[in-house]
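K.L.:
Sending over model.cif (mmCIF, C-alpha atoms; chains and numbers go by the auth columns).
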```
data_data
#
loop_
_atom_site.group_PDB
_atom_site.id
_atom_site.type_symbol
_atom_site.label_atom_id
_atom_site.label_comp_id
_atom_site.label_asym_id
_atom_site.label_seq_id
_atom_site.Cartn_x
_atom_site.Cartn_y
_atom_site.Cartn_z
_atom_site.B_iso_or_equiv
_atom_site.auth_seq_id
_atom_site.auth_asym_id
ATOM 1 C CA MET A 1 -52.359 31.176 -12.553 0.00 1 U
ATOM 2 C CA LYS A 2 -48.637 31.918 -12.532 0.00 2 U
ATOM 3 C CA GLY A 3 -49.377 35.652 -12.803 0.00 3 U
ATOM 4 C CA LEU A 4 -51.772 35.546 -9.839 0.00 4 U
ATOM 5 C CA ILE A 5 -49.211 34.286 -7.319 0.00 5 U
ATOM 6 C CA PRO A 6 -46.788 37.262 -7.651 0.00 6 U
ATOM 7 C CA ALA A 7 -49.755 39.652 -7.662 0.00 7 U
ATOM 8 C CA PHE A 8 -51.115 38.063 -4.463 0.00 8 U
ATOM 9 C CA PHE A 9 -47.771 38.417 -2.665 0.00 9 U
ATOM 10 C CA SER A 10 -47.426 42.005 -3.914 0.00 10 U
ATOM 11 C CA VAL A 11 -50.797 42.867 -2.369 0.00 11 U
ATOM 12 C CA LEU A 12 -49.777 41.235 0.932 0.00 12 U
ATOM 13 C CA PHE A 13 -46.516 43.201 0.918 0.00 13 U
ATOM 14 C CA VAL A 14 -48.269 46.526 0.297 0.00 14 U
ATOM 15 C CA VAL A 15 -50.884 45.849 2.992 0.00 15 U
ATOM 16 C CA GLY A 16 -48.131 44.908 5.456 0.00 16 U
ATOM 17 C CA CYS A 17 -46.133 48.072 4.746 0.00 17 U
ATOM 18 C CA THR A 18 -49.073 50.440 4.983 0.00 18 U
ATOM 19 C CA GLY A 19 -50.806 48.805 7.935 0.00 19 U
ATOM 20 C CA ASN A 20 -51.680 50.788 11.030 0.00 20 U
ATOM 21 C CA SER A 21 -49.616 48.638 13.407 0.00 21 U
ATOM 22 C CA ASN A 22 -46.947 50.330 15.533 0.00 22 U
ATOM 23 C CA ASN A 23 -45.151 46.979 16.054 0.00 23 U
ATOM 24 C CA GLY A 24 -45.544 47.308 19.824 0.00 24 U
ATOM 25 C CA ILE A 25 -43.560 50.558 20.045 0.00 25 U
ATOM 26 C CA GLU A 26 -44.556 52.820 22.956 0.00 26 U
ATOM 27 C CA TYR A 27 -43.661 56.480 23.484 0.00 27 U
ATOM 28 C CA TYR A 28 -43.560 58.271 26.862 0.00 28 U
ATOM 29 C CA GLN A 29 -43.271 61.804 28.181 0.00 29 U
ATOM 30 C CA PHE A 30 -43.451 63.725 31.447 0.00 30 U
ATOM 31 C CA ASN A 31 -46.661 65.508 32.396 0.00 31 U
ATOM 32 C CA THR A 32 -46.414 69.270 32.064 0.00 32 U
ATOM 33 C CA SER A 33 -49.302 71.554 32.829 0.00 33 U
ATOM 34 C CA THR A 34 -50.018 74.331 30.352 0.00 34 U
ATOM 35 C CA THR A 35 -50.441 76.894 33.140 0.00 35 U
ATOM 36 C CA VAL A 36 -47.572 79.280 33.827 0.00 36 U
ATOM 37 C CA SER A 37 -47.328 81.385 36.964 0.00 37 U
ATOM 38 C CA ASN A 38 -44.425 83.749 36.313 0.00 38 U
ATOM 39 C CA SER A 39 -44.725 86.885 38.393 0.00 39 U
ATOM 40 C CA LEU A 40 -46.074 89.974 36.646 0.00 40 U
ATOM 41 C CA ALA A 41 -43.489 92.085 38.486 0.00 41 U
ATOM 42 C CA PRO A 42 -40.512 89.752 38.980 0.00 42 U
ATOM 43 C CA ASP A 43 -37.771 90.642 41.426 0.00 43 U
ATOM 44 C CA ASN A 44 -35.328 88.145 39.929 0.00 44 U
ATOM 45 C CA THR A 45 -34.578 86.588 36.558 0.00 45 U
ATOM 46 C CA VAL A 46 -32.991 83.235 35.838 0.00 46 U
ATOM 47 C CA LEU A 47 -31.828 82.261 32.360 0.00 47 U
ATOM 48 C CA LEU A 48 -32.201 78.494 31.920 0.00 48 U
ATOM 49 C CA LYS A 49 -29.620 77.056 29.525 0.00 49 U
ATOM 50 C CA PRO A 50 -30.381 73.936 27.421 0.00 50 U
ATOM 51 C CA ILE A 51 -30.014 70.667 29.312 0.00 51 U
ATOM 52 C CA LYS A 52 -26.876 68.702 28.444 0.00 52 U
ATOM 53 C CA ILE A 53 -27.088 64.914 28.617 0.00 53 U
ATOM 54 C CA ILE A 54 -23.781 63.087 28.721 0.00 54 U
ATOM 55 C CA GLY A 55 -23.192 59.462 27.772 0.00 55 U
ATOM 56 C CA LEU A 56 -25.620 56.574 27.392 0.00 56 U
ATOM 57 C CA SER A 57 -28.820 58.479 28.173 0.00 57 U
ATOM 58 C CA ASP A 58 -28.230 60.941 25.323 0.00 58 U
ATOM 59 C CA GLN A 59 -30.730 59.154 23.062 0.00 59 U
ATOM 60 C CA GLN A 60 -34.450 58.704 22.612 0.00 60 U
ATOM 61 C CA ALA A 61 -34.605 55.058 23.703 0.00 61 U
ATOM 62 C CA ILE A 62 -35.137 54.424 27.426 0.00 62 U
ATOM 63 C CA ALA A 63 -32.031 53.065 29.177 0.00 63 U
ATOM 64 C CA GLN A 64 -31.804 50.535 32.010 0.00 64 U
ATOM 65 C CA ILE A 65 -28.784 50.108 34.313 0.00 65 U
ATOM 66 C CA HIS A 66 -28.292 46.638 35.782 0.00 66 U
ATOM 67 C CA SER A 67 -26.638 45.757 39.078 0.00 67 U
ATOM 68 C CA ASN A 68 -23.908 43.735 37.309 0.00 68 U
ATOM 69 C CA HIS A 69 -22.583 46.949 35.672 0.00 69 U
ATOM 70 C CA SER A 70 -24.252 46.167 32.356 0.00 70 U
ATOM 71 C CA VAL A 71 -26.704 48.436 30.558 0.00 71 U
ATOM 72 C CA SER A 72 -29.562 47.730 28.200 0.00 72 U
ATOM 73 C CA ILE A 73 -31.452 49.956 25.798 0.00 73 U
ATOM 74 C CA ALA A 74 -35.178 49.479 25.169 0.00 74 U
ATOM 75 C CA ASN A 75 -36.055 48.250 21.688 0.00 75 U
ATOM 76 C CA PHE A 76 -39.722 49.286 21.758 0.00 76 U
ATOM 77 C CA ASN A 77 -39.960 51.953 24.483 0.00 77 U
ATOM 78 C CA TYR A 78 -38.905 55.508 23.673 0.00 78 U
ATOM 79 C CA TRP A 79 -39.280 59.049 24.908 0.00 79 U
ATOM 80 C CA SER A 80 -41.704 60.990 22.718 0.00 80 U
ATOM 81 C CA GLU A 81 -38.886 63.472 22.031 0.00 81 U
ATOM 82 C CA HIS A 82 -35.199 63.608 22.859 0.00 82 U
ATOM 83 C CA PRO A 83 -34.958 63.623 26.678 0.00 83 U
ATOM 84 C CA LYS A 84 -32.870 66.817 26.744 0.00 84 U
ATOM 85 C CA HIS A 85 -35.856 68.708 25.305 0.00 85 U
ATOM 86 C CA MET A 86 -38.361 67.017 27.608 0.00 86 U
ATOM 87 C CA LEU A 87 -36.217 67.669 30.697 0.00 87 U
ATOM 88 C CA TYR A 88 -35.739 71.300 29.652 0.00 88 U
ATOM 89 C CA LYS A 89 -39.454 71.985 29.224 0.00 89 U
ATOM 90 C CA SER A 90 -40.174 70.259 32.518 0.00 90 U
ATOM 91 C CA ALA A 91 -37.453 72.205 34.389 0.00 91 U
ATOM 92 C CA GLN A 92 -38.663 75.520 32.992 0.00 92 U
ATOM 93 C CA HIS A 93 -42.213 74.703 34.051 0.00 93 U
ATOM 94 C CA LEU A 94 -41.265 73.425 37.530 0.00 94 U
ATOM 95 C CA LEU A 95 -38.999 76.378 38.337 0.00 95 U
ATOM 96 C CA SER A 96 -41.543 78.886 36.999 0.00 96 U
ATOM 97 C CA GLN A 97 -44.201 77.374 39.261 0.00 97 U
ATOM 98 C CA ALA A 98 -41.995 77.090 42.355 0.00 98 U
ATOM 99 C CA LEU A 99 -40.024 80.359 42.371 0.00 99 U
ATOM 100 C CA ASN A 100 -42.108 83.210 43.753 0.00 100 U
ATOM 101 C CA LYS A 101 -41.437 86.627 42.150 0.00 101 U
ATOM 102 C CA TRP A 102 -38.941 85.121 39.691 0.00 102 U
ATOM 103 C CA GLN A 103 -39.133 84.837 35.934 0.00 103 U
ATOM 104 C CA VAL A 104 -37.549 81.824 34.243 0.00 104 U
ATOM 105 C CA ILE A 105 -36.360 82.735 30.755 0.00 105 U
ATOM 106 C CA ASP A 106 -35.506 80.418 27.877 0.00 106 U
ATOM 107 C CA ALA A 107 -31.824 80.830 26.935 0.00 107 U
ATOM 108 C CA ARG A 108 -32.831 81.348 23.287 0.00 108 U
ATOM 109 C CA VAL A 109 -34.357 84.712 24.200 0.00 109 U
ATOM 110 C CA GLY A 110 -30.934 86.358 24.014 0.00 110 U
ATOM 111 C CA ALA A 111 -29.666 89.433 25.822 0.00 111 U
ATOM 112 C CA LEU A 112 -31.186 90.327 29.191 0.00 112 U
ATOM 113 C CA GLN A 113 -30.842 93.339 31.397 0.00 113 U
ATOM 114 C CA PHE A 114 -28.348 92.906 34.234 0.00 114 U
ATOM 115 C CA PRO A 115 -28.318 91.520 36.842 0.00 115 U
ATOM 116 C CA TYR A 116 -29.626 87.987 36.324 0.00 116 U
ATOM 117 C CA PHE A 117 -28.862 84.385 37.241 0.00 117 U
ATOM 118 C CA GLU A 118 -28.020 81.616 34.798 0.00 118 U
ATOM 119 C CA VAL A 119 -28.507 77.887 35.397 0.00 119 U
ATOM 120 C CA GLU A 120 -26.832 75.019 33.553 0.00 120 U
ATOM 121 C CA ILE A 121 -27.818 71.396 34.188 0.00 121 U
ATOM 122 C CA HIS A 122 -25.654 68.504 32.975 0.00 122 U
ATOM 123 C CA VAL A 123 -27.273 65.061 33.294 0.00 123 U
ATOM 124 C CA SER A 124 -24.996 62.008 33.385 0.00 124 U
ATOM 125 C CA ASP A 125 -27.574 59.328 34.311 0.00 125 U
ATOM 126 C CA PHE A 126 -31.226 59.280 33.251 0.00 126 U
ATOM 127 C CA ALA A 127 -32.316 55.670 33.393 0.00 127 U
ATOM 128 C CA GLY A 128 -34.028 52.856 35.167 0.00 128 U
ATOM 129 C CA HIS A 129 -31.972 50.999 37.741 0.00 129 U
ATOM 130 C CA GLU A 130 -32.586 47.479 39.034 0.00 130 U
ATOM 131 C CA LYS A 131 -32.075 48.490 42.674 0.00 131 U
ATOM 132 C CA HIS A 132 -32.863 52.207 42.776 0.00 132 U
ATOM 133 C CA GLY A 133 -35.819 52.592 40.395 0.00 133 U
ATOM 134 C CA GLY A 134 -35.759 55.777 38.331 0.00 134 U
ATOM 135 C CA ILE A 135 -32.383 57.474 38.779 0.00 135 U
ATOM 136 C CA ILE A 136 -31.160 60.883 37.594 0.00 136 U
ATOM 137 C CA SER A 137 -27.701 62.202 38.387 0.00 137 U
ATOM 138 C CA GLY A 138 -25.419 64.948 37.178 0.00 138 U
ATOM 139 C CA ASN A 139 -24.293 68.466 38.076 0.00 139 U
ATOM 140 C CA TRP A 140 -25.882 71.884 38.062 0.00 140 U
ATOM 141 C CA TYR A 141 -24.256 75.299 38.037 0.00 141 U
ATOM 142 C CA ILE A 142 -25.618 78.667 39.136 0.00 142 U
ATOM 143 C CA PHE A 143 -23.962 81.765 37.636 0.00 143 U
ATOM 144 C CA TYR A 144 -24.619 85.428 38.364 0.00 144 U
ATOM 145 C CA TYR A 145 -24.320 88.173 35.760 0.00 145 U
ATOM 146 C CA ARG A 146 -23.800 91.719 36.957 0.00 146 U
ATOM 147 C CA ASN A 147 -22.051 94.683 35.295 0.00 147 U
ATOM 148 C CA ASP A 148 -21.111 92.539 32.277 0.00 148 U
ATOM 149 C CA GLN A 149 -19.307 90.027 34.480 0.00 149 U
ATOM 150 C CA LYS A 150 -20.189 86.376 34.962 0.00 150 U
ATOM 151 C CA ARG A 151 -19.482 84.730 38.308 0.00 151 U
ATOM 152 C CA LEU A 152 -20.035 81.088 39.348 0.00 152 U
ATOM 153 C CA LEU A 153 -21.960 81.165 42.623 0.00 153 U
ATOM 154 C CA LYS A 154 -22.643 77.492 43.248 0.00 154 U
ATOM 155 C CA THR A 155 -22.134 74.090 41.698 0.00 155 U
ATOM 156 C CA GLN A 156 -23.456 70.817 43.017 0.00 156 U
ATOM 157 C CA HIS A 157 -23.531 67.142 42.095 0.00 157 U
ATOM 158 C CA PHE A 158 -27.024 65.664 42.384 0.00 158 U
ATOM 159 C CA VAL A 159 -28.401 62.145 42.581 0.00 159 U
ATOM 160 C CA ALA A 160 -32.131 61.545 42.835 0.00 160 U
ATOM 161 C CA SER A 161 -33.890 58.209 42.707 0.00 161 U
ATOM 162 C CA GLN A 162 -37.427 56.978 43.236 0.00 162 U
ATOM 163 C CA PRO A 163 -38.511 53.347 43.615 0.00 163 U
ATOM 164 C CA LEU A 164 -40.893 51.896 41.054 0.00 164 U
ATOM 165 C CA GLN A 165 -44.452 51.492 42.323 0.00 165 U
ATOM 166 C CA ALA A 166 -45.130 48.685 39.815 0.00 166 U
ATOM 167 C CA ASP A 167 -43.444 46.744 37.032 0.00 167 U
ATOM 168 C CA GLY A 168 -43.207 48.169 33.548 0.00 168 U
ATOM 169 C CA TYR A 169 -42.210 51.280 31.645 0.00 169 U
ATOM 170 C CA PRO A 170 -45.120 53.501 32.774 0.00 170 U
ATOM 171 C CA ALA A 171 -43.974 53.029 36.385 0.00 171 U
ATOM 172 C CA LEU A 172 -40.373 53.759 35.381 0.00 172 U
ATOM 173 C CA VAL A 173 -41.405 56.975 33.605 0.00 173 U
ATOM 174 C CA ASN A 174 -43.350 58.046 36.705 0.00 174 U
ATOM 175 C CA ALA A 175 -40.341 57.326 38.949 0.00 175 U
ATOM 176 C CA LEU A 176 -38.004 59.287 36.662 0.00 176 U
ATOM 177 C CA GLU A 177 -40.413 62.219 36.612 0.00 177 U
ATOM 178 C CA ASN A 178 -40.559 62.234 40.420 0.00 178 U
ATOM 179 C CA SER A 179 -36.749 62.130 40.549 0.00 179 U
ATOM 180 C CA TRP A 180 -36.584 65.114 38.183 0.00 180 U
ATOM 181 C CA ILE A 181 -39.074 67.041 40.324 0.00 181 U
ATOM 182 C CA GLN A 182 -36.825 66.369 43.330 0.00 182 U
ATOM 183 C CA VAL A 183 -33.763 67.715 41.468 0.00 183 U
ATOM 184 C CA ASN A 184 -35.603 70.875 40.445 0.00 184 U
ATOM 185 C CA MET A 185 -36.973 71.541 43.935 0.00 185 U
ATOM 186 C CA GLU A 186 -33.431 71.268 45.330 0.00 186 U
ATOM 187 C CA LEU A 187 -32.222 73.665 42.619 0.00 187 U
ATOM 188 C CA LYS A 188 -35.055 76.078 43.432 0.00 188 U
ATOM 189 C CA ALA A 189 -34.020 76.097 47.103 0.00 189 U
ATOM 190 C CA GLU A 190 -30.390 76.809 46.156 0.00 190 U
ATOM 191 C CA LEU A 191 -31.399 79.673 43.861 0.00 191 U
ATOM 192 C CA GLU A 192 -33.290 81.261 46.728 0.00 192 U
ATOM 193 C CA LYS A 193 -30.308 80.756 49.068 0.00 193 U
ATOM 194 C CA VAL A 194 -27.745 82.333 46.734 0.00 194 U
ATOM 195 C CA ARG A 195 -30.108 85.237 46.029 0.00 195 U
ATOM 196 C CA ALA A 196 -30.536 85.884 49.749 0.00 196 U
ATOM 197 C CA ALA A 197 -26.733 85.770 50.257 0.00 197 U
ATOM 198 C CA LEU A 198 -25.981 88.462 47.648 0.00 198 U
#
```
Could you show the structure in this file as structure tokens?

P.N.:
Amino acid sequence: MKGLIPAFFSVLFVVGCTGNSNNGIEYYQFNTSTTVSNSLAPDNTVLLKPIKIIGLSDQQAIAQIHSNHSVSIANFNYWSEHPKHMLYKSAQHLLSQALNKWQVIDARVGALQFPYFEVEIHVSDFAGHEKHGGIISGNWYIFYYRNDQKRLLKTQHFVASQPLQADGYPALVNALENSWIQVNMELKAELEKVRAAL
């Protein structure tokens, strides 16, 4: 009988460790279509550098900013991958879809033929906010490469927020995605402006 009790608890331990439960952990990501509409004969090229996330949001857990200047980090709600990768893939997709006769190139491709544009995006806030919903803020930079020279054409601070349509993390993810779309559509408009001014 004494030998059965440790064996029973050992079986319970093994079943508990190998169970299929995810302990209530949820993972989220932005929607990205698999279709790409880069022009077959592009007039312009933009090299998209990796997204830089600065500060609290530089982690996989979803962050929440409170109105009393405090911040909390979700214990059971995470991005399905590091947000800098998710934001990068989303930006590349959004800009490729929105910019007519442009090609959006991954910075890992390497050397390009001159001239071309380069975009850097630095994100300082990527979180839920008690008053503003899903908020994204930071800075973006547009550079122009021509004749082996790099020139900064435009830099801008951005803040985009969308109210939550419901309670819960799915609504927060949707609001953050809509905020990110807004940032990228503003960036797209600026790329077209600086191109027209050259």

K.L.:
Residues at most 8 Å from Ser90 in chain U, counting only C-alpha atoms, excluding those fewer than 4 positions away in the same chain, as a PyMOL selection string?

P.N.:
chain U and resi 30+32+86+94

K.L.:
What separation in Å, quoted to one decimal, exists between CA of Asn178 in chain U and CA of Ala160 in chain U?

P.N.:
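CA of Asn178 in chain U sits 8.8 Å away from CA of Ala160 in chain U.
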
K.L.:
Once the PyMOL selection byres ((chain U and resi 131) around 10) has been evaluated on this model, what residues remain selected, and can you format them as a PyMOL selection string?

P.N.:
chain U and resi 65-67+128-130+132-135+161+163-164

K.L.:
Could you check which of U:Leu87, U:Ala166, U:Leu152, U:Met185 is closest to Glu118 in chain U, using only C-alpha atoms?

P.N.:
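Ranking U:Leu87, U:Ala166, U:Leu152, U:Met185 by distance to Glu118 in chain U, first place goes to U:Leu152.
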
K.L.:
Using Å and a single decimal, report how far CA of Arg146 in chain U sits from CA of Gln182 in chain U.

P.N.:
29.2 Å
